[in-house]
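K.L.:
What follows is a single structure, and I will ask about it in a moment.
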Amino acid sequence: MNLRSIILLLLILPGLAGLSTATAQQTDSLRIDLNRALEIALSENPTVKVADMEITKKQYAKKSAYGALMPQMDMIGQYQRAIKRQTVYFDEGFGMGGGDIDPGDFSDEERMVLGVLQKVMMPGGDTDSGEGIQMGRFNVWSAGLNVSLPLVVPSLWKNIQMTEVDIQLAMEQARASRINLMNQVKKSFFSLLLAQDSHDVFRKTYETDSINLENIRNRYNQGVVAEYDVITADVRLKSLIPSILQSENMMKIAELQLKMLMGIDGDIPLKVVGSLDDYEKSMFDAIIPADTSLINNSDIKQFDLQAEQAQKAYELQKLQYAPSLVTSFNWTYMSQNNDFKFNTYRWDPYSMLGFTLQIPLFSGGQRYHNVKQAQIQLWQLDEQRKDVERGLKLSIRNNYDLIHKNIEQVVATQSSVEQARKGHEITLKRYETGMGTIVDVNAAALAVLNAELQYRNAIYDYLSAKADLEKVLGYDIAPVNIE
């Protein structure tokens, strides 16, 4: 059994130690610290790119709104084929059948011509309109230019103002996406550091317990200690293996999440520079501001812009009552023929200039109800802003409390780590001199392990709460150098 245990230890220890060694030896690994991770994420993350595209999209929408004030010009071409031409009837002829024309106004020759035309138009007499006459030709071709220009259209002016607010809102949403991304990258980076530090703690504990097991086994072979001590130490050592494997899995998950947020390929190896101990040194240099104004909070700014947008929409609905004036001009050439001999066509011009004044009078109450809807939306946004503001202030207070509690916890666990290590050394000395038991040694080792993990968890909780506070405040809390 002892030989099998030794072989198991020889197989496991190189594998556990080789994980970090192999990673460190990779020359093609991407070495990052927190600032480098944030820089890559802000330039490569798809969420940020989409937000920037949305700003460009809104800028094009603004230019499109300005284009509605410009003249609209269209070239128009049309062809119509008459299946059955229109028939026109003249019931009164040309006045010869009792119409309004006085025959005395014409000469004898002219009256003869009118008489012939009357027979053609009214072959049945004065009371019969006859067969009528078919007018027009079978083919009608037209081509021309139509121009329209809005002179007084208040709704278009208000729409331009709304597009300007849309751009500001898109810019603030892009800023919010960056703030959220930075918060996620920071917490993911700290999670990876916590997983690595936890793995290092378990690995060092495993190495220390392996040495202790060998010492106990040697003393057992010398007959100094009982077999119970060897079994207890061996069980203690093997109980660390699941924790080591779990910490390795946590490292992989945290690394993949960080790569996803950074917008890089998951196959690229990462080498994270630093540890949580490095951030513990700067904890006491940061002055946490008692800022509850929320003037830089992105959520509040977005609500204010949305309220301004809703106000513009409300004013736009009210402008539907206003009259509008539009001018139009067209120039058209038309040709009517019965064949397709284009070289013999005669093209006649036709043009018109006009003004259209539209005064809204009645629409079944649609405009009135649209105004009321826009007004209610303003009231809704006002109530929602109050609720969001209360929630954000509560979040600030909660993060303040978490930061202060975690600072106290870091100080307490830092002291407990030192005491636990000292207690473990004393326990080992007592065990070696025969004044202590293996149970005392295991208890002291477990106390050191728990103190180390609690210490690093306290640092992580502080950094996580600080990142959440920075997200709510809308700016980073930088350390203050006091000389």
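Residues in the structure tokens are numbered from 1 in each chain, the chains being A, B, ... in the order shown, and ligands are numbered from 1 in the order shown.
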Could you name the residues that touch Lys318 of chain A at 9 Å or less, counting only C-alpha atoms, but leaving out those on the same chain fewer than 5 positions away, as a list of chain:residue names?

P.N.:
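Skipping anything fewer than 5 positions along the chain leaves A:Ala313, A:Arg367, A:Tyr368, A:Asn370, A:Val371.
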
K.L.:
Determine which residues of segment 217-437 of chain A DSSP labels as strand (DSSP E) from the backbone of this structure, then write them out as an NGL selection string.

P.N.:
:A and (270-272 or 324-337 or 348-358)

K.L.:
Let me make sure I understand: among A:Ile244, A:Val152, A:Val417, A:Val472, which one has the smallest atom-to-atom distance to Asn180 of chain A if we use only C-alpha atoms?

P.N.:
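Looking only at the distances to Asn180 of chain A, the closest residue turns out to be A:Val472.
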
K.L.:
Kindly indicate which residue among A:Tyr206, A:Tyr321, A:Phe303, A:Phe284 lies nearest to Glu389 of chain A, using only C-alpha atoms for the distances.

P.N.:
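Selected residue with least distance to Glu389 of chain A: A:Phe303.
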
K.L.:
Near Glu315 of chain A, counting only C-alpha atoms, which residues have an atom at most 9 Å away, once you skip same-chain residues fewer than 2 positions from it, shown as an NGL selection string?

P.N.:
:A and (155 or 158 or 310-313 or 317-320 or 371 or 374)

K.L.:
Give me a file of those residues, with N, CA and C atoms, as a CSV table (one decimal), in the first residue's frame.

P.N.:
chain,number,residue,atom,x,y,z
A,155,SER,N,-44.0,70.0,-38.9
A,155,SER,CA,-43.7,68.7,-38.4
A,155,SER,C,-42.3,68.2,-38.9
A,158,LYS,N,-39.7,69.8,-36.5
A,158,LYS,CA,-39.6,69.1,-35.2
A,158,LYS,C,-39.0,67.8,-35.4
A,310,ALA,N,-39.3,62.2,-25.7
A,310,ALA,CA,-40.8,62.2,-25.6
A,310,ALA,C,-41.4,63.6,-25.6
A,311,GLN,N,-40.7,64.6,-25.1
A,311,GLN,CA,-41.2,65.9,-25.2
A,311,GLN,C,-41.3,66.4,-26.6
A,312,LYS,N,-40.3,66.1,-27.4
A,312,LYS,CA,-40.3,66.4,-28.8
A,312,LYS,C,-41.4,65.7,-29.5
A,313,ALA,N,-41.7,64.4,-29.2
A,313,ALA,CA,-42.8,63.7,-29.8
A,313,ALA,C,-44.1,64.3,-29.4
A,317,GLN,N,-46.8,65.9,-32.1
A,317,GLN,CA,-48.3,65.6,-32.2
A,317,GLN,C,-49.1,66.9,-32.2
A,318,LYS,N,-48.7,67.8,-31.4
A,318,LYS,CA,-49.5,69.1,-31.3
A,318,LYS,C,-49.3,69.9,-32.7
A,319,LEU,N,-48.2,69.7,-33.3
A,319,LEU,CA,-48.0,70.4,-34.6
A,319,LEU,C,-48.8,69.8,-35.7
A,320,GLN,N,-49.5,68.6,-35.5
A,320,GLN,CA,-50.3,68.1,-36.5
A,320,GLN,C,-51.6,69.0,-36.7
A,371,VAL,N,-52.1,63.2,-29.1
A,371,VAL,CA,-51.5,64.2,-28.2
A,371,VAL,C,-51.6,63.6,-26.8
A,374,ALA,N,-49.0,60.9,-26.1
A,374,ALA,CA,-47.7,61.4,-25.9
A,374,ALA,C,-47.5,62.1,-24.6

K.L.:
His199 of chain A: which residues within 12 Å, counting only C-alpha atoms, same-chain residues fewer than 2 positions away excluded, as number ranges by chain?

P.N.:
A: 16-17, 19-20, 192-197, 201-206, 240-252, 275, 449, 452-453, 456

K.L.:
So the first atom is atom CA of Ala68 of chain A and the second is atom CA of Leu378 of chain A; what is the distance between them in Å, to one decimal place?

P.N.:
27.3 Å

K.L.:
Please, what distance in Å, to one decimal, runs between atom CA of Pro46 of chain A and atom CA of Ser64 of chain A?

P.N.:
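Atom-to-atom, atom CA of Pro46 of chain A to atom CA of Ser64 of chain A, that is 26.7 Å.
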
K.L.:
Which residue out of A:Val410, A:Gln168, A:Ile396, A:Pro150 has the minimum interatomic distance to Lys58 of chain A when only C-alpha atoms are used?

P.N.:
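Residue with the minimum atom-to-atom distance to Lys58 of chain A: A:Gln168.
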
K.L.:
Between A:Ala458, A:Leu381, A:Val147, A:Val185, which one has atoms that come closest to Arg36 of chain A, using only C-alpha atoms?

P.N.:
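Nearest candidate to Arg36 of chain A out of A:Ala458, A:Leu381, A:Val147, A:Val185: A:Val185.
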
K.L.:
Check segment 251-455 of chain A with DSSP on the backbone and list each residue it calls helix (DSSP H, G or I), as number ranges by chain.

P.N.:
A: 251-262, 276-280, 283-285, 298-321, 342-344, 366-432, 438-455

K.L.:
Would you list the contacts of Arg421 of chain A as an MDAnalysis selection string, taking every protein, DNA or RNA residue within 9 Å and counting only C-alpha atoms, but skipping same-chain residues closer than 2 positions in sequence?

P.N.:
chainID A and resid 416:419 423:426 444:445 447:448

K.L.:
How would the residues just picked look written out with N, CA and C atoms as a PDB file, in the first residue's frame?

P.N.:
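Contents of selection24.pdb, freshly written:
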ATOM      1  N   SER A 416      -5.293  36.973  10.504  1.00  0.00           N
ATOM      2  CA  SER A 416      -5.566  35.561  10.810  1.00  0.00           C
ATOM      3  C   SER A 416      -4.652  34.637  10.019  1.00  0.00           C
ATOM      4  N   VAL A 417      -4.259  35.049   8.775  1.00  0.00           N
ATOM      5  CA  VAL A 417      -3.330  34.239   7.991  1.00  0.00           C
ATOM      6  C   VAL A 417      -1.987  34.134   8.708  1.00  0.00           C
ATOM      7  N   GLU A 418      -1.508  35.262   9.200  1.00  0.00           N
ATOM      8  CA  GLU A 418      -0.230  35.247   9.924  1.00  0.00           C
ATOM      9  C   GLU A 418      -0.319  34.392  11.177  1.00  0.00           C
ATOM     10  N   GLN A 419      -1.400  34.528  11.914  1.00  0.00           N
ATOM     11  CA  GLN A 419      -1.555  33.744  13.134  1.00  0.00           C
ATOM     12  C   GLN A 419      -1.709  32.256  12.816  1.00  0.00           C
ATOM     13  N   GLY A 423       0.630  29.359  14.069  1.00  0.00           N
ATOM     14  CA  GLY A 423       0.066  28.238  14.804  1.00  0.00           C
ATOM     15  C   GLY A 423       0.401  26.906  14.167  1.00  0.00           C
ATOM     16  N   HIS A 424       0.437  26.868  12.840  1.00  0.00           N
ATOM     17  CA  HIS A 424       0.769  25.626  12.145  1.00  0.00           C
ATOM     18  C   HIS A 424       2.221  25.233  12.409  1.00  0.00           C
ATOM     19  N   GLU A 425       3.123  26.210  12.418  1.00  0.00           N
ATOM     20  CA  GLU A 425       4.521  25.912  12.710  1.00  0.00           C
ATOM     21  C   GLU A 425       4.678  25.375  14.126  1.00  0.00           C
ATOM     22  N   ILE A 426       3.988  25.988  15.068  1.00  0.00           N
ATOM     23  CA  ILE A 426       4.072  25.529  16.462  1.00  0.00           C
ATOM     24  C   ILE A 426       3.519  24.115  16.585  1.00  0.00           C
ATOM     25  N   ALA A 444      -4.521  22.527  12.215  1.00  0.00           N
ATOM     26  CA  ALA A 444      -3.741  23.748  11.977  1.00  0.00           C
ATOM     27  C   ALA A 444      -3.555  23.993  10.485  1.00  0.00           C
ATOM     28  N   ALA A 445      -3.302  22.926   9.713  1.00  0.00           N
ATOM     29  CA  ALA A 445      -3.153  23.072   8.263  1.00  0.00           C
ATOM     30  C   ALA A 445      -4.458  23.535   7.627  1.00  0.00           C
ATOM     31  N   ALA A 447      -6.738  25.309   9.102  1.00  0.00           N
ATOM     32  CA  ALA A 447      -6.922  26.713   9.488  1.00  0.00           C
ATOM     33  C   ALA A 447      -6.132  27.640   8.574  1.00  0.00           C
ATOM     34  N   VAL A 448      -4.896  27.222   8.225  1.00  0.00           N
ATOM     35  CA  VAL A 448      -4.094  28.037   7.307  1.00  0.00           C
ATOM     36  C   VAL A 448      -4.755  28.114   5.933  1.00  0.00           C
TER      37      VAL A 448
END
